[in-house]
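Have a look at run.cif; it's mmCIF, C-alpha atoms:
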```
data_protein
loop_
_atom_site.label_atom_id
_atom_site.label_comp_id
_atom_site.auth_asym_id
_atom_site.auth_seq_id
_atom_site.Cartn_x
_atom_site.Cartn_y
_atom_site.Cartn_z
CA MET A 48 -8.01 28.52 -14.59
CA LEU A 49 -8.26 25.28 -12.64
CA LYS A 50 -11.55 24.45 -10.94
CA CYS A 51 -11.96 22.82 -7.52
CA HIS A 52 -12.97 19.65 -9.34
CA ASP A 53 -9.56 19.62 -11.07
CA ILE A 54 -7.74 20.11 -7.78
CA ALA A 55 -9.42 17.01 -6.36
CA HIS A 56 -8.26 15.06 -9.41
CA LEU A 57 -4.71 16.37 -9.27
CA ALA A 58 -4.14 16.42 -5.52
CA SER A 59 -1.94 13.31 -5.32
CA ASP A 60 0.20 14.38 -8.26
CA TYR A 61 0.63 17.77 -6.60
CA LEU A 62 1.67 16.32 -3.25
CA GLU A 63 4.05 13.85 -4.91
CA ARG A 64 5.45 16.52 -7.26
CA GLN A 65 4.42 14.52 -10.28
CA MET A 66 3.40 17.48 -12.41
CA SER A 67 5.04 20.10 -14.58
CA LEU A 68 6.15 23.36 -13.02
CA ARG A 69 3.50 25.21 -15.01
CA ALA A 70 0.71 22.92 -13.76
CA ARG A 71 2.06 23.11 -10.24
CA LEU A 72 2.04 26.89 -10.29
CA ALA A 73 -1.52 26.92 -11.64
CA LEU A 74 -2.60 24.63 -8.84
CA ALA A 75 -0.74 26.67 -6.22
CA LEU A 76 -2.48 29.82 -7.49
CA HIS A 77 -5.87 28.12 -7.08
CA LEU A 78 -4.95 27.08 -3.53
CA LEU A 79 -4.02 30.65 -2.72
CA LEU A 80 -7.54 31.74 -3.60
CA CYS A 81 -9.60 28.76 -2.41
CA GLY A 82 -9.87 27.82 1.26
CA LYS A 83 -11.95 24.73 0.55
CA CYS A 84 -9.28 23.26 -1.69
CA ARG A 85 -6.56 24.24 0.79
CA ALA A 86 -8.46 22.29 3.46
CA PHE A 87 -8.89 19.34 1.11
CA ILE A 88 -5.16 19.22 0.25
CA GLN A 89 -4.15 19.66 3.89
CA GLN A 90 -6.42 16.80 4.96
CA LEU A 91 -4.94 14.57 2.28
CA ARG A 92 -1.47 15.53 3.48
CA ILE A 93 -2.40 14.55 7.05
CA ALA A 94 -3.80 11.22 5.90
CA LEU A 95 -0.64 10.46 3.92
CA ALA A 96 1.43 11.10 7.04
CA LEU A 97 -0.86 8.77 9.00
CA TYR A 98 -0.85 5.68 6.77
CA PRO A 99 2.81 4.63 7.21
CA GLN A 100 2.26 4.74 10.97
CA LEU A 101 -0.73 2.40 10.99
CA LYS A 102 -0.09 -0.76 12.98
CA ARG A 103 1.31 -3.58 10.89
CA PRO A 104 0.47 -7.11 11.84
CA VAL A 105 3.38 -9.32 12.87
CA LEU A 106 3.49 -13.08 13.16
CA PRO A 107 3.71 -14.45 16.74
CA PRO A 108 7.23 -15.82 17.44
CA GLU A 109 6.13 -19.46 17.69
CA GLN A 110 4.39 -19.26 14.30
CA ALA A 111 7.45 -17.58 12.75
CA GLN A 112 9.66 -20.34 14.16
CA ALA A 113 7.34 -23.02 12.77
CA LEU A 114 7.33 -21.36 9.37
CA THR A 115 11.13 -21.07 9.37
CA ALA A 116 11.43 -24.75 10.32
CA GLN A 117 9.16 -25.63 7.40
CA VAL A 118 11.27 -23.52 5.02
CA LEU A 119 14.50 -25.15 6.23
CA ARG A 120 12.97 -28.63 5.85
CA LYS A 121 11.83 -27.92 2.31
CA ALA A 122 15.22 -26.41 1.42
CA ALA A 123 16.94 -29.54 2.71
CA GLU A 124 14.57 -31.74 0.69
CA HIS A 125 15.29 -29.65 -2.36
CA ARG A 126 19.06 -30.02 -1.87
CA ALA A 127 18.69 -33.77 -1.41
CA GLY A 128 16.87 -33.86 -4.75
CA MET B 23 12.43 -3.62 15.32
CA ASN B 24 11.41 -1.78 12.16
CA ASP B 25 11.82 -2.13 8.42
CA SER B 26 15.08 -0.23 8.31
CA TRP B 27 16.74 -2.62 10.79
CA PHE B 28 16.49 -5.35 8.16
CA GLU B 29 18.22 -3.11 5.60
CA THR B 30 21.37 -2.57 7.70
CA ASP B 31 24.66 -4.11 6.59
CA THR B 32 24.90 -6.19 9.76
CA THR B 33 21.44 -7.70 9.38
CA LEU B 34 21.85 -8.33 5.66
CA ALA B 35 25.20 -10.02 6.32
CA ALA B 36 23.56 -12.28 8.91
CA LEU B 37 20.74 -13.15 6.51
CA ARG B 38 23.19 -13.91 3.68
CA ALA B 39 25.18 -16.12 6.03
CA GLY B 40 22.08 -18.20 6.80
CA ASP B 41 21.43 -16.99 10.34
CA THR B 42 18.15 -18.76 11.10
CA ALA B 43 17.36 -16.56 14.13
CA VAL B 44 17.49 -13.39 12.02
CA PHE B 45 15.58 -15.12 9.22
CA THR B 46 12.86 -16.01 11.74
CA GLN B 47 12.70 -12.36 12.76
CA LEU B 48 12.35 -11.42 9.11
CA VAL B 49 9.51 -13.92 8.72
CA ALA B 50 7.75 -12.63 11.83
CA HIS B 51 8.13 -9.03 10.69
CA TYR B 52 6.94 -9.34 7.10
CA HIS B 53 4.85 -12.50 6.75
CA ARG B 54 1.39 -11.08 7.43
CA ARG B 55 2.05 -7.98 5.35
CA LEU B 56 3.19 -10.13 2.46
CA VAL B 57 0.10 -12.33 2.76
CA THR B 58 -2.07 -9.22 2.67
CA PHE B 59 -0.28 -8.12 -0.48
CA ALA B 60 -0.52 -11.59 -2.07
CA ALA B 61 -4.27 -11.59 -1.44
CA THR B 62 -4.55 -8.64 -3.82
CA LEU B 63 -3.04 -10.77 -6.59
CA VAL B 64 -4.45 -14.25 -6.01
CA ALA B 65 -7.49 -15.73 -4.33
CA THR B 66 -7.29 -15.41 -0.55
CA ALA B 67 -7.02 -19.18 -0.16
CA LEU B 68 -3.86 -19.15 -2.27
CA ALA B 69 -2.18 -16.14 -0.70
CA GLU B 70 -0.76 -17.95 2.34
CA GLU B 71 0.58 -20.75 0.16
CA ALA B 72 2.16 -18.27 -2.27
CA VAL B 73 3.97 -16.49 0.54
CA GLN B 74 5.18 -19.75 2.09
CA ASP B 75 6.63 -20.69 -1.30
CA ALA B 76 8.18 -17.23 -1.48
CA TRP B 77 9.94 -17.69 1.86
CA LEU B 78 11.58 -20.84 0.51
CA ALA B 79 12.77 -18.87 -2.54
CA VAL B 80 13.99 -16.08 -0.25
CA TRP B 81 15.95 -18.50 1.92
CA ARG B 82 17.55 -20.19 -1.07
CA THR B 83 18.52 -16.99 -2.87
CA LEU B 84 19.45 -14.77 0.09
CA PRO B 85 23.18 -15.66 -0.13
CA GLY B 86 23.22 -14.01 -3.57
CA PHE B 87 21.04 -11.01 -2.69
CA ALA B 88 22.81 -8.18 -4.51
CA GLU B 89 21.00 -5.14 -3.06
CA ARG B 90 19.99 -3.82 -6.46
CA ALA B 91 16.82 -2.87 -4.60
CA THR B 92 16.03 -2.77 -0.89
CA LEU B 93 15.35 -6.06 0.85
CA LYS B 94 11.72 -5.00 1.25
CA THR B 95 11.26 -4.37 -2.47
CA TRP B 96 13.00 -7.68 -3.20
CA LEU B 97 10.62 -9.54 -0.84
CA TYR B 98 7.55 -8.04 -2.49
CA THR B 99 8.95 -8.91 -5.93
CA ILE B 100 9.51 -12.53 -4.92
CA VAL B 101 6.00 -12.75 -3.50
CA ARG B 102 4.58 -11.38 -6.73
CA ASN B 103 6.52 -13.97 -8.73
CA SER B 104 5.35 -16.68 -6.37
CA CYS B 105 1.76 -15.56 -6.89
CA LEU B 106 2.19 -15.77 -10.66
CA HIS B 107 3.62 -19.27 -10.25
CA CYS B 108 0.63 -20.27 -8.10
CA LEU B 109 -1.74 -18.89 -10.72
CA ARG B 110 -0.20 -21.10 -13.37
CA ARG B 111 -0.70 -24.11 -11.09
CA ASP B 112 -4.16 -23.23 -9.92
CA LYS B 113 -7.07 -21.77 -11.75
CA ARG B 114 -8.45 -19.89 -8.73
CA LEU B 115 -6.94 -16.77 -10.14
CA ARG B 116 -8.03 -13.26 -9.50
CA THR B 117 -8.02 -11.47 -12.78
CA VAL B 118 -8.18 -7.78 -12.28
CA ALA B 119 -9.12 -5.32 -14.98
CA ILE B 120 -8.08 -1.77 -14.25
CA ASP B 121 -11.04 -0.35 -16.15
CA ALA B 122 -13.49 -2.41 -14.13
CA GLU B 123 -11.92 -1.19 -10.90
CA LEU B 124 -12.09 2.41 -11.96
CA HIS B 125 -15.75 2.28 -12.90
CA HIS B 126 -17.01 0.50 -9.84
CA ASP B 127 -15.12 2.05 -6.97
CA GLY B 128 -17.63 4.76 -6.13
CA ILE B 129 -15.23 7.63 -6.78
CA ASP B 130 -17.05 8.89 -9.87
CA GLY B 131 -20.20 9.11 -7.75
CA TRP B 132 -18.33 11.05 -5.09
CA PHE B 133 -17.09 13.54 -7.69
CA ALA B 134 -20.60 13.96 -9.05
CA ALA B 135 -21.98 14.67 -5.56
CA ALA B 136 -19.11 16.81 -4.28
CA PHE B 137 -18.86 19.24 -7.18
CA ALA B 138 -21.36 21.46 -8.95
CA ALA B 139 -21.62 21.72 -12.72
CA ASP B 140 -19.23 24.70 -12.72
CA GLY B 141 -16.50 22.59 -11.04
CA ALA B 142 -16.75 24.30 -7.63
CA TRP B 143 -17.39 22.40 -4.39
CA SER B 144 -21.10 21.74 -3.82
CA GLN B 145 -20.34 21.79 -0.13
CA ALA B 146 -17.12 22.47 1.71
CA PRO B 147 -14.95 19.50 2.73
CA PRO B 148 -15.87 18.61 6.33
CA ILE B 149 -13.86 20.29 9.06
CA TRP B 150 -11.58 17.85 10.83
CA HIS B 151 -11.42 18.25 14.60
CA LEU B 152 -8.51 15.77 14.69
CA HIS B 153 -6.06 17.58 12.47
CA SER B 154 -2.73 15.87 12.89
CA PRO B 155 -1.53 12.33 12.12
CA GLU B 156 -0.70 11.90 15.82
CA ALA B 157 -4.25 12.82 16.88
CA LEU B 158 -5.68 10.40 14.31
CA LEU B 159 -3.33 7.64 15.46
CA GLU B 160 -4.71 7.83 18.97
CA GLU B 161 -8.14 6.81 17.68
CA GLN B 162 -8.08 3.01 17.81
CA GLN B 163 -11.56 2.82 16.35
CA LEU B 164 -10.42 4.85 13.35
CA GLN B 165 -7.43 2.57 12.85
CA ASN B 166 -9.70 -0.47 12.87
CA CYS B 167 -12.07 1.29 10.52
CA LEU B 168 -9.28 2.18 8.10
CA ALA B 169 -7.92 -1.37 8.20
CA GLN B 170 -11.37 -2.65 7.31
CA HIS B 171 -11.76 -0.19 4.45
CA ILE B 172 -8.25 -0.83 3.14
CA ASP B 173 -9.18 -4.52 2.98
CA GLY B 174 -12.30 -3.49 1.08
CA LEU B 175 -10.46 -1.54 -1.62
CA PRO B 176 -10.52 -3.03 -5.11
CA ALA B 177 -7.53 -5.37 -5.52
CA LEU B 178 -5.24 -3.23 -7.64
CA GLN B 179 -5.95 -0.09 -5.66
CA ARG B 180 -5.15 -2.05 -2.50
CA SER B 181 -1.87 -3.31 -3.95
CA VAL B 182 -0.68 0.12 -4.98
CA PHE B 183 -1.91 1.75 -1.78
CA GLN B 184 -0.20 -0.85 0.42
CA LEU B 185 3.10 -0.59 -1.40
CA ARG B 186 3.13 3.20 -1.67
CA ASP B 187 1.32 4.71 1.29
CA ILE B 188 1.96 2.05 3.91
CA GLU B 189 5.23 0.47 2.80
CA GLN B 190 6.52 3.72 1.27
CA LEU B 191 8.15 2.05 -1.74
CA PRO B 192 9.12 4.35 -4.64
CA MET B 193 6.55 4.49 -7.43
CA ALA B 194 9.04 3.22 -10.01
CA GLU B 195 9.62 0.06 -7.96
CA ILE B 196 5.88 -0.40 -7.45
CA CYS B 197 5.32 -0.18 -11.21
CA ASN B 198 7.98 -2.85 -11.71
CA ILE B 199 6.56 -5.16 -9.05
CA LEU B 200 2.98 -4.85 -10.30
CA GLU B 201 3.84 -4.40 -13.99
CA LEU B 202 1.74 -1.26 -14.19
CA SER B 203 2.36 1.90 -16.16
CA ALA B 204 3.21 4.94 -14.05
CA SER B 205 0.02 6.72 -15.09
CA ASN B 206 -2.20 3.75 -14.20
CA ALA B 207 -0.45 3.33 -10.86
CA ARG B 208 -0.96 7.01 -10.05
CA VAL B 209 -4.67 6.88 -10.92
CA LEU B 210 -5.22 3.73 -8.84
CA LEU B 211 -3.37 5.24 -5.89
CA HIS B 212 -5.25 8.52 -6.00
CA ARG B 213 -8.63 6.81 -6.12
CA ALA B 214 -7.69 4.60 -3.17
CA ARG B 215 -6.66 7.70 -1.24
CA LEU B 216 -9.92 9.48 -2.07
CA ARG B 217 -11.93 6.50 -0.83
CA LEU B 218 -10.04 6.37 2.44
CA GLN B 219 -10.30 10.13 2.78
CA ARG B 220 -14.08 9.69 2.79
CA VAL B 221 -13.70 7.18 5.62
CA ILE B 222 -11.73 9.68 7.71
CA ASP B 223 -14.21 12.45 6.82
CA HIS B 224 -17.07 10.27 8.05
CA TYR B 225 -15.23 9.41 11.26
CA GLN B 226 -14.43 13.06 11.90
CA GLU B 227 -18.08 14.02 11.41
CA THR B 228 -19.74 11.20 13.31
CA GLY B 229 -17.11 9.51 15.48
CA GLU B 230 -18.17 6.26 13.86
CA CYS B 231 -16.82 3.96 11.21
#
```

As structure tokens, please, write out the structure in this file.
Amino acid sequence: MLKCHDIAHLASDYLERQMSLRARLALALHLLLCGKCRAFIQQLRIALALYPQLKRPVLPPEQAQALTAQVLRKAAEHRAG
Amino acid sequence: MNDSWFETDTTLAALRAGDTAVFTQLVAHYHRRLVTFAATLVATALAEEAVQDAWLAVWRTLPGFAERATLKTWLYTIVRNSCLHCLRRDKRLRTVAIDAELHHDGIDGWFAAAFAADGAWSQAPPIWHLHSPEALLEEQQLQNCLAQHIDGLPALQRSVFQLRDIEQLPMAEICNILELSASNARVLLHRARLRLQRVIDHYQETGEC
């Protein structure tokens, strides 16, 4: 029988379906009986849905243009040998 | 504009054809994220330089981009190669030992405190009053706090976390990019997630970072 401690170790593998069917069933059985572990897994699930939506920094247009100009200049130098 | 826009046939065709306006958009969209990733592989001072070198390689090889992977995966792979090239040129390398990361990331201490000797919780996980991703996203202070703690993750954990949980790349591609075994990548990722989970727990309990 899995312990709560094991669930905390295996939580990512469970959510990403990276475990055998037997192990998955054992974990699901534990979750059925343990509200604390259900809360833990649910909170991890919420966090995993949050992370891809975190703001991602973008480069201001003028800096992107300057960087592109630098790339084009270096590419031309490279072609010229 | 989002990641998937750069994966469309029209955009890829423009990039292959050398459309500098679209290339500039690509640079604007990905540059800072790639620098963040590079900083997990090389010293911070080298990361910007490594990514600038990578953009030159991207520009020169885009006409032959064969879509064996997504453009995003390809960009991260080129940045990784550029970092390795920088490391050979410069000794300011960041050598990362997985074992060292795993023994000094605080997670073993959390396990010891959170669970009793019989393996049961010592105390219940805190109750979250913000219990949806949307509710969490509205908390700007939490976003800043998470950004700060993501930056503070050990280097390899940060690499895997960025590529998997933020960029959503498949694990197999992440293992290729970082040259990690699947089992090591999974352990690093899970420990990063547990650390950040503690950050959200703390915010939910106290309203503070």

* Asked: Evaluating the PyMOL selection byres ((chain B) within 8 of (chain A)) on the displayed file yields which residues, as a PyMOL selection string?
  -> chain B and resi 42+45-47+49-55+74+77-78+81-82+133+137+140-143+146-147+150+153-156+158-159+165+187-190+208+212+215+219

Extending 5 Å beyond the listed atoms of region 94-101 of chain A on each side, what axis-aligned box results? I want centre and edge lengths in Å to one decimal, as lines of an AutoDock Vina configuration file.
```
center_x = -0.5
center_y = 6.8
center_z = 7.5
size_x = 16.6
size_y = 18.8
size_z = 17.1
```

* Asked: So how far away is CA of Ala76 (chain B) from CA of Ile100 (chain B), in Å?
  -> 6.0 Å

* Asked: On this structure, which residues satisfy the PyMOL selection byres ((chain B and resi 29) around 12), written as a ChimeraX atom specification?
  -> /B:23-28,30-37,48,87,89,91-97

* Structure fact -> Correct to one decimal, the distance CA of Leu84 (chain B)-CA of Gly40 (chain B) is 8.0 Å

* Which neighbours of Asp130 (chain B) fall inside 12 Å, counting only C-alpha atoms, when residues of the same chain fewer than 4 positions from it are skipped, and could you give them as a VMD selection string? -> (chain A and resid 52 55 to 56) or (chain B and resid 123 to 126 134 to 137 213 216 to 217)

Could you rebuild region 87-106 of chain A with N, CA and C atoms and give me the result as an mmCIF file, in the frame of the given file?
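Wrote rebuild-v4.cif, looks like this:
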```
data_model
loop_
_atom_site.group_PDB
_atom_site.id
_atom_site.type_symbol
_atom_site.label_atom_id
_atom_site.label_comp_id
_atom_site.auth_asym_id
_atom_site.auth_seq_id
_atom_site.Cartn_x
_atom_site.Cartn_y
_atom_site.Cartn_z
ATOM 1 N N PHE A 87 -8.885 20.677 1.706
ATOM 2 C CA PHE A 87 -8.890 19.340 1.110
ATOM 3 C C PHE A 87 -7.450 18.807 0.967
ATOM 4 N N ILE A 88 -6.559 19.644 0.450
ATOM 5 C CA ILE A 88 -5.160 19.220 0.250
ATOM 6 C C ILE A 88 -4.493 18.968 1.605
ATOM 7 N N GLN A 89 -4.767 19.818 2.574
ATOM 8 C CA GLN A 89 -4.150 19.660 3.890
ATOM 9 C C GLN A 89 -4.626 18.358 4.551
ATOM 10 N N GLN A 90 -5.901 18.039 4.371
ATOM 11 C CA GLN A 90 -6.420 16.800 4.960
ATOM 12 C C GLN A 90 -5.792 15.577 4.276
ATOM 13 N N LEU A 91 -5.606 15.676 2.979
ATOM 14 C CA LEU A 91 -4.940 14.570 2.280
ATOM 15 C C LEU A 91 -3.508 14.417 2.770
ATOM 16 N N ARG A 92 -2.851 15.555 2.984
ATOM 17 C CA ARG A 92 -1.470 15.530 3.480
ATOM 18 C C ARG A 92 -1.408 14.849 4.858
ATOM 19 N N ILE A 93 -2.362 15.161 5.707
ATOM 20 C CA ILE A 93 -2.400 14.550 7.050
ATOM 21 C C ILE A 93 -2.607 13.042 6.940
ATOM 22 N N ALA A 94 -3.521 12.658 6.069
ATOM 23 C CA ALA A 94 -3.800 11.220 5.900
ATOM 24 C C ALA A 94 -2.552 10.492 5.390
ATOM 25 N N LEU A 95 -1.835 11.110 4.468
ATOM 26 C CA LEU A 95 -0.640 10.460 3.920
ATOM 27 C C LEU A 95 0.449 10.308 4.975
ATOM 28 N N ALA A 96 0.464 11.221 5.947
ATOM 29 C CA ALA A 96 1.430 11.100 7.040
ATOM 30 C C ALA A 96 0.984 10.023 8.037
ATOM 31 N N LEU A 97 -0.312 9.767 8.067
ATOM 32 C CA LEU A 97 -0.860 8.770 9.000
ATOM 33 C C LEU A 97 -0.595 7.331 8.528
ATOM 34 N N TYR A 98 -0.834 7.072 7.241
ATOM 35 C CA TYR A 98 -0.850 5.680 6.770
ATOM 36 C C TYR A 98 0.414 4.872 7.086
ATOM 37 N N PRO A 99 1.631 5.457 6.914
ATOM 38 C CA PRO A 99 2.810 4.630 7.210
ATOM 39 C C PRO A 99 2.917 4.276 8.690
ATOM 40 N N GLN A 100 2.161 4.998 9.528
ATOM 41 C CA GLN A 100 2.260 4.740 10.970
ATOM 42 C C GLN A 100 1.175 3.786 11.466
ATOM 43 N N LEU A 101 0.296 3.354 10.568
ATOM 44 C CA LEU A 101 -0.730 2.400 10.990
ATOM 45 C C LEU A 101 -0.055 1.118 11.458
ATOM 46 N N LYS A 102 -0.673 0.480 12.440
ATOM 47 C CA LYS A 102 -0.090 -0.760 12.980
ATOM 48 C C LYS A 102 0.011 -1.810 11.887
ATOM 49 N N ARG A 103 1.137 -2.504 11.874
ATOM 50 C CA ARG A 103 1.310 -3.580 10.890
ATOM 51 C C ARG A 103 1.321 -4.903 11.625
ATOM 52 N N PRO A 104 0.564 -5.842 11.126
ATOM 53 C CA PRO A 104 0.470 -7.110 11.840
ATOM 54 C C PRO A 104 1.781 -7.894 11.760
ATOM 55 N N VAL A 105 2.199 -8.452 12.883
ATOM 56 C CA VAL A 105 3.380 -9.320 12.870
ATOM 57 C C VAL A 105 2.956 -10.738 13.246
ATOM 58 N N LEU A 106 3.793 -11.682 12.859
ATOM 59 C CA LEU A 106 3.490 -13.080 13.160
ATOM 60 C C LEU A 106 4.004 -13.382 14.573
#
```
